[in-house]
Every structure is written in C-alpha cells, then in structure tokens.
Amino acid sequence: MTEASMARLLIVEDEYLIRMLLEDMLTDLGYTVAAAVGTIAEAREHATNGDFHAAILDVNLDGEEIFPVADILASRGLPFVFVSGYGEGSLPPTYRGRPALQKPFQTEHLKDTLAGILAEA
C-alpha cells in the first residue's frame with residue numbers, strides 16, 4: 001500500500017494535545033485516523049480487533065510500556081512506528097530495528113516514515 005488516502009491508522013498517545021496534533025498532521029497528509037486512543041487497555045482492544053493498516057505507538061503511556069500492544073500488532077502482521085521522547089536506544093532489543101520517531105518530530109519525517117512502513121506492508 002502506497003497511497004495515503006487509502007491508509008487507515010491507529011494512534012496510541014496518552015497526551016491529549018499530542019494525540020490531537022497527530023490526528024491533524026495525519027489528516028493533512030491524507031491519511032484516515034481509524035482510532036486515536038490514550039490507554040493501554042484501549043490500545044490492546046484496537047490492536048486485537050481494529051480495522052486499520054498501520055499504527056503509531058507512543059512508547060510510554062502514563063507509565064506503562066506499549067510493547068504488549070506492539071506484540072499484538074506484530075502477530076497480526078501490521079506495521080507500526082514507535083514515538084518516544086527517549087530515542088530508539090530506549091527500545092528493547094526485540095524492537096530496535098523498528099521505525100521510531102523521536103519527539104518532537106516534523107510532519108515531513110512522519111510522512112516519510114509512514115510511507116516506508118506502508119510500502120513494506
């Protein structure tokens with residue numbers, strides 16, 4: 001899948017303003033936001049049953065790590081990108097090869113990263 005207008009994305013971000021900013025950025029880029037959630041419980045539910053093509057995952061959700069949700073997505077074969085204020089080095093070895101954006105990031109970097117993971121899907 002290469003066309004943004006066809007891609008539905010899941011956003012997992014606990015900070016409301018950042019979640020809203022991400023939604024706006026994605027809409028401006030032509031993506032559809034399938035769901036935007038802020039808790040691990042919501043993220044697990046959507047990761048298990050949601051209808052989307054890729055996900056953007058904040059690594060730390062109010063003190064809980066996102067990796068169990070990433071495991072669900074990986075088992076479904078769905079691509080995802082991590083978002084963290086700590087950089088790729090903060091990811092466990094299992095996920096260090098996955099795409100990661102360091103906060104704050106620019107729209108262009110988000111666009112390029114999403115295009116890359118969706119092209120591989």
# chains A, B, ... in the order shown; residues from 1 in each chain; ligands from 1
call {"tool": "residues_around", "arguments": {"residues": "Leu91 in chain A", "least_positions_apart": "4", "cutoff": "12 Å", "atoms": "only C-alpha atoms", "output": "list in words"}}
result
Asp58, Val59, Asn60, Glu65, Ile66, Phe67, Ala70, Val81, Phe82, Val83, Ser84, Gly85, Tyr86, Gly87, Tyr95, Arg96, Gly97, Arg98, Pro99, Ala100, Leu101 and Gln102 of chain A
call {"tool": "write_last_selection", "arguments": {"atoms": "C-alpha atoms", "output": "short mmCIF file (atom, residue, chain, number, x, y, z; two decimals), in the first residue's frame"}}
result
data_model
loop_
_atom_site.label_atom_id
_atom_site.label_comp_id
_atom_site.auth_asym_id
_atom_site.auth_seq_id
_atom_site.Cartn_x
_atom_site.Cartn_y
_atom_site.Cartn_z
CA ASP A 58 3.78 6.17 21.99
CA VAL A 59 6.28 4.04 23.92
CA ASN A 60 5.24 5.23 27.38
CA GLU A 65 5.12 0.47 28.18
CA ILE A 66 3.43 -0.12 24.82
CA PHE A 67 5.32 -3.31 23.96
CA ALA A 70 3.32 -3.92 19.68
CA VAL A 81 6.15 3.12 14.25
CA PHE A 82 7.20 3.96 17.80
CA VAL A 83 7.13 7.52 19.08
CA SER A 84 9.28 8.40 22.08
CA GLY A 85 10.99 11.28 23.73
CA TYR A 86 13.89 8.98 24.57
CA GLY A 87 15.04 7.86 21.12
CA TYR A 95 12.12 -3.73 18.63
CA ARG A 96 15.32 -1.77 17.96
CA GLY A 97 15.06 -2.41 14.24
CA ARG A 98 11.55 -0.96 14.03
CA PRO A 99 10.95 2.58 12.82
CA ALA A 100 10.95 5.16 15.61
CA LEU A 101 10.31 8.88 15.71
CA GLN A 102 11.79 10.98 18.47
#
call {"tool": "residues_around", "arguments": {"residues": "Thr107 in chain A", "least_positions_apart": "6", "cutoff": "12 Å", "atoms": "only C-alpha atoms", "output": "PDB file with N, CA and C atoms, in the first residue's frame"}}
result
ATOM      1  N   LEU A  21      -2.752  16.730  17.803  1.00  0.00           N
ATOM      2  CA  LEU A  21      -1.788  17.211  16.819  1.00  0.00           C
ATOM      3  C   LEU A  21      -1.487  16.119  15.783  1.00  0.00           C
ATOM      4  N   LEU A  22      -1.288  14.896  16.256  1.00  0.00           N
ATOM      5  CA  LEU A  22      -1.041  13.777  15.342  1.00  0.00           C
ATOM      6  C   LEU A  22      -2.227  13.555  14.403  1.00  0.00           C
ATOM      7  N   GLU A  23      -3.422  13.610  14.948  1.00  0.00           N
ATOM      8  CA  GLU A  23      -4.612  13.463  14.104  1.00  0.00           C
ATOM      9  C   GLU A  23      -4.636  14.526  13.013  1.00  0.00           C
ATOM     10  N   ASP A  24      -4.358  15.765  13.377  1.00  0.00           N
ATOM     11  CA  ASP A  24      -4.340  16.857  12.390  1.00  0.00           C
ATOM     12  C   ASP A  24      -3.243  16.645  11.346  1.00  0.00           C
ATOM     13  N   MET A  25      -2.056  16.247  11.812  1.00  0.00           N
ATOM     14  CA  MET A  25      -0.948  16.013  10.881  1.00  0.00           C
ATOM     15  C   MET A  25      -1.316  14.916   9.880  1.00  0.00           C
ATOM     16  N   LEU A  26      -1.878  13.837  10.384  1.00  0.00           N
ATOM     17  CA  LEU A  26      -2.227  12.711   9.517  1.00  0.00           C
ATOM     18  C   LEU A  26      -3.327  13.086   8.530  1.00  0.00           C
ATOM     19  N   THR A  27      -4.316  13.818   8.994  1.00  0.00           N
ATOM     20  CA  THR A  27      -5.387  14.264   8.103  1.00  0.00           C
ATOM     21  C   THR A  27      -4.816  15.158   7.010  1.00  0.00           C
ATOM     22  N   ASP A  28      -3.929  16.066   7.394  1.00  0.00           N
ATOM     23  CA  ASP A  28      -3.286  16.944   6.400  1.00  0.00           C
ATOM     24  C   ASP A  28      -2.481  16.156   5.379  1.00  0.00           C
ATOM     25  N   LEU A  29      -1.927  15.024   5.797  1.00  0.00           N
ATOM     26  CA  LEU A  29      -1.140  14.183   4.891  1.00  0.00           C
ATOM     27  C   LEU A  29      -2.023  13.261   4.041  1.00  0.00           C
ATOM     28  N   LEU A 101      10.224   7.427  15.819  1.00  0.00           N
ATOM     29  CA  LEU A 101      10.313   8.878  15.713  1.00  0.00           C
ATOM     30  C   LEU A 101      10.579   9.431  17.101  1.00  0.00           C
ATOM     31  N   THR A 113       8.331   8.330   7.189  1.00  0.00           N
ATOM     32  CA  THR A 113       8.332   7.094   7.980  1.00  0.00           C
ATOM     33  C   THR A 113       7.100   6.252   7.669  1.00  0.00           C
ATOM     34  N   LEU A 114       5.934   6.886   7.619  1.00  0.00           N
ATOM     35  CA  LEU A 114       4.707   6.154   7.311  1.00  0.00           C
ATOM     36  C   LEU A 114       4.729   5.585   5.896  1.00  0.00           C
TER      37      LEU A 114
END
call {"tool": "residues_around", "arguments": {"residues": "range 41-47 of chain A", "least_positions_apart": "6", "cutoff": "9 Å", "atoms": "only C-alpha atoms", "output": "ChimeraX atom specification"}}
result
/A:10-12,35,55,57,66,68-70,72-73,76
call {"tool": "write_last_selection", "arguments": {"atoms": "N, CA and C atoms", "output": "tab-separated table (two decimals), in the first residue's frame"}}
result
chain	number	residue	atom	x	y	z
A	10	LEU	N	-4.05	3.76	13.30
A	10	LEU	CA	-4.35	3.77	14.73
A	10	LEU	C	-3.30	4.64	15.41
A	11	ILE	N	-3.75	5.59	16.23
A	11	ILE	CA	-2.85	6.42	17.03
A	11	ILE	C	-3.00	6.00	18.48
A	12	VAL	N	-1.87	5.73	19.12
A	12	VAL	CA	-1.86	5.44	20.56
A	12	VAL	C	-0.93	6.45	21.21
A	35	ALA	N	-8.69	5.22	14.64
A	35	ALA	CA	-8.95	5.42	16.07
A	35	ALA	C	-7.75	6.14	16.67
A	55	ALA	N	0.00	1.52	12.67
A	55	ALA	CA	-0.21	2.20	13.94
A	55	ALA	C	0.98	3.08	14.29
A	57	LEU	N	2.65	4.34	17.76
A	57	LEU	CA	2.61	3.94	19.17
A	57	LEU	C	3.54	4.77	20.03
A	66	ILE	N	4.32	0.26	25.92
A	66	ILE	CA	3.43	-0.12	24.82
A	66	ILE	C	3.76	-1.49	24.21
A	68	PRO	N	3.48	-4.73	24.88
A	68	PRO	CA	2.47	-5.79	24.70
A	68	PRO	C	1.53	-5.50	23.52
A	69	VAL	N	1.24	-4.23	23.28
A	69	VAL	CA	0.41	-3.85	22.14
A	69	VAL	C	1.20	-4.06	20.84
A	70	ALA	N	2.46	-3.70	20.85
A	70	ALA	CA	3.32	-3.92	19.68
A	70	ALA	C	3.39	-5.41	19.35
A	72	ILE	N	1.03	-7.62	19.80
A	72	ILE	CA	-0.22	-7.97	19.14
A	72	ILE	C	-0.18	-7.54	17.67
A	73	LEU	N	0.27	-6.33	17.42
A	73	LEU	CA	0.35	-5.83	16.04
A	73	LEU	C	1.30	-6.68	15.21
A	76	ARG	N	-0.20	-9.84	14.15
A	76	ARG	CA	-1.19	-9.63	13.07
A	76	ARG	C	-0.52	-9.23	11.76
call {"tool": "closest_residue", "arguments": {"among": "A:Asp71, A:Glu120, A:Glu108, A:Asp62", "to": "Tyr16 in chain A", "atoms": "only C-alpha atoms"}}
result
A:Asp62
call {"tool": "atom_distance", "arguments": {"atom1": "CA of Pro104 in chain A", "atom2": "CA of Gly50 in chain A"}}
result
27.0 Å
call {"tool": "closest_residue", "arguments": {"among": "A:Leu9, A:Ala36, A:Ala115, A:Ala54", "to": "Gly77 in chain A", "atoms": "only C-alpha atoms"}}
result
A:Ala54
call {"tool": "closest_residue", "arguments": {"among": "A:Arg8, A:Thr48, A:Lys103, A:Ile56", "to": "Ala34 in chain A", "atoms": "only C-alpha atoms"}}
result
A:Arg8
call {"tool": "closest_residue", "arguments": {"among": "A:Phe52, A:Ser75, A:Val37, A:Thr94", "to": "Ala7 in chain A", "atoms": "only C-alpha atoms"}}
result
A:Phe52
call {"tool": "atom_distance", "arguments": {"atom1": "CA of Gly30 in chain A", "atom2": "CA of Met6 in chain A"}}
result
8.4 Å
call {"tool": "select_by_dssp", "arguments": {"residues": "range 4-67 of chain A", "states": "alpha helix (DSSP H)", "output": "ChimeraX atom specification"}}
result
/A:16-28,40-49,67
call {"tool": "write_last_selection", "arguments": {"atoms": "N, CA and C atoms", "output": "compact mmCIF listing (two decimals), in the first residue's frame"}}
result
# COMPACT_ATOMS: atom_id res chain seq x y z
N TYR A 16 -3.19 14.14 25.42
CA TYR A 16 -4.31 14.56 24.59
C TYR A 16 -3.91 15.55 23.50
N LEU A 17 -3.15 16.56 23.84
CA LEU A 17 -2.78 17.57 22.84
C LEU A 17 -1.89 16.99 21.75
N ILE A 18 -0.99 16.10 22.11
CA ILE A 18 -0.14 15.46 21.10
C ILE A 18 -0.99 14.54 20.21
N ARG A 19 -1.94 13.83 20.83
CA ARG A 19 -2.84 12.96 20.06
C ARG A 19 -3.63 13.79 19.05
N MET A 20 -4.14 14.94 19.47
CA MET A 20 -4.87 15.82 18.55
C MET A 20 -3.97 16.35 17.45
N LEU A 21 -2.75 16.73 17.80
CA LEU A 21 -1.79 17.21 16.82
C LEU A 21 -1.49 16.12 15.78
N LEU A 22 -1.29 14.90 16.26
CA LEU A 22 -1.04 13.78 15.34
C LEU A 22 -2.23 13.55 14.40
N GLU A 23 -3.42 13.61 14.95
CA GLU A 23 -4.61 13.46 14.10
C GLU A 23 -4.64 14.53 13.01
N ASP A 24 -4.36 15.76 13.38
CA ASP A 24 -4.34 16.86 12.39
C ASP A 24 -3.24 16.64 11.35
N MET A 25 -2.06 16.25 11.81
CA MET A 25 -0.95 16.01 10.88
C MET A 25 -1.32 14.92 9.88
N LEU A 26 -1.88 13.84 10.38
CA LEU A 26 -2.23 12.71 9.52
C LEU A 26 -3.33 13.09 8.53
N THR A 27 -4.32 13.82 8.99
CA THR A 27 -5.39 14.26 8.10
C THR A 27 -4.82 15.16 7.01
N ASP A 28 -3.93 16.07 7.39
CA ASP A 28 -3.29 16.94 6.40
C ASP A 28 -2.48 16.16 5.38
N ILE A 40 -3.49 1.85 27.55
CA ILE A 40 -3.07 0.51 27.13
C ILE A 40 -4.28 -0.38 26.86
N ALA A 41 -5.30 -0.29 27.72
CA ALA A 41 -6.49 -1.12 27.54
C ALA A 41 -7.16 -0.84 26.19
N GLU A 42 -7.34 0.44 25.86
CA GLU A 42 -7.93 0.81 24.57
C GLU A 42 -7.03 0.35 23.42
N ALA A 43 -5.74 0.53 23.60
CA ALA A 43 -4.79 0.15 22.55
C ALA A 43 -4.83 -1.35 22.29
N ARG A 44 -4.89 -2.15 23.37
CA ARG A 44 -4.97 -3.61 23.21
C ARG A 44 -6.22 -4.01 22.44
N GLU A 45 -7.35 -3.40 22.81
CA GLU A 45 -8.62 -3.70 22.14
C GLU A 45 -8.52 -3.40 20.65
N HIS A 46 -8.05 -2.22 20.31
CA HIS A 46 -7.94 -1.85 18.89
C HIS A 46 -6.88 -2.68 18.17
N ALA A 47 -5.77 -2.97 18.85
CA ALA A 47 -4.72 -3.78 18.22
C ALA A 47 -5.23 -5.17 17.90
N THR A 48 -6.08 -5.69 18.75
CA THR A 48 -6.62 -7.04 18.56
C THR A 48 -7.73 -7.08 17.52
N ASN A 49 -8.63 -6.11 17.56
CA ASN A 49 -9.85 -6.17 16.75
C ASN A 49 -10.02 -5.05 15.74
N PHE A 67 4.83 -2.12 24.65
CA PHE A 67 5.32 -3.31 23.96
C PHE A 67 4.35 -4.48 23.89
call {"tool": "atom_distance", "arguments": {"atom1": "CA of Thr39 in chain A", "atom2": "CA of Glu64 in chain A"}}
result
8.8 Å
call {"tool": "select_by_dssp", "arguments": {"residues": "chain A", "states": "strand (DSSP E or B)", "output": "ChimeraX atom specification"}}
result
/A:8-12,32-37,54-58,60-61,64-65,80-84,100-102
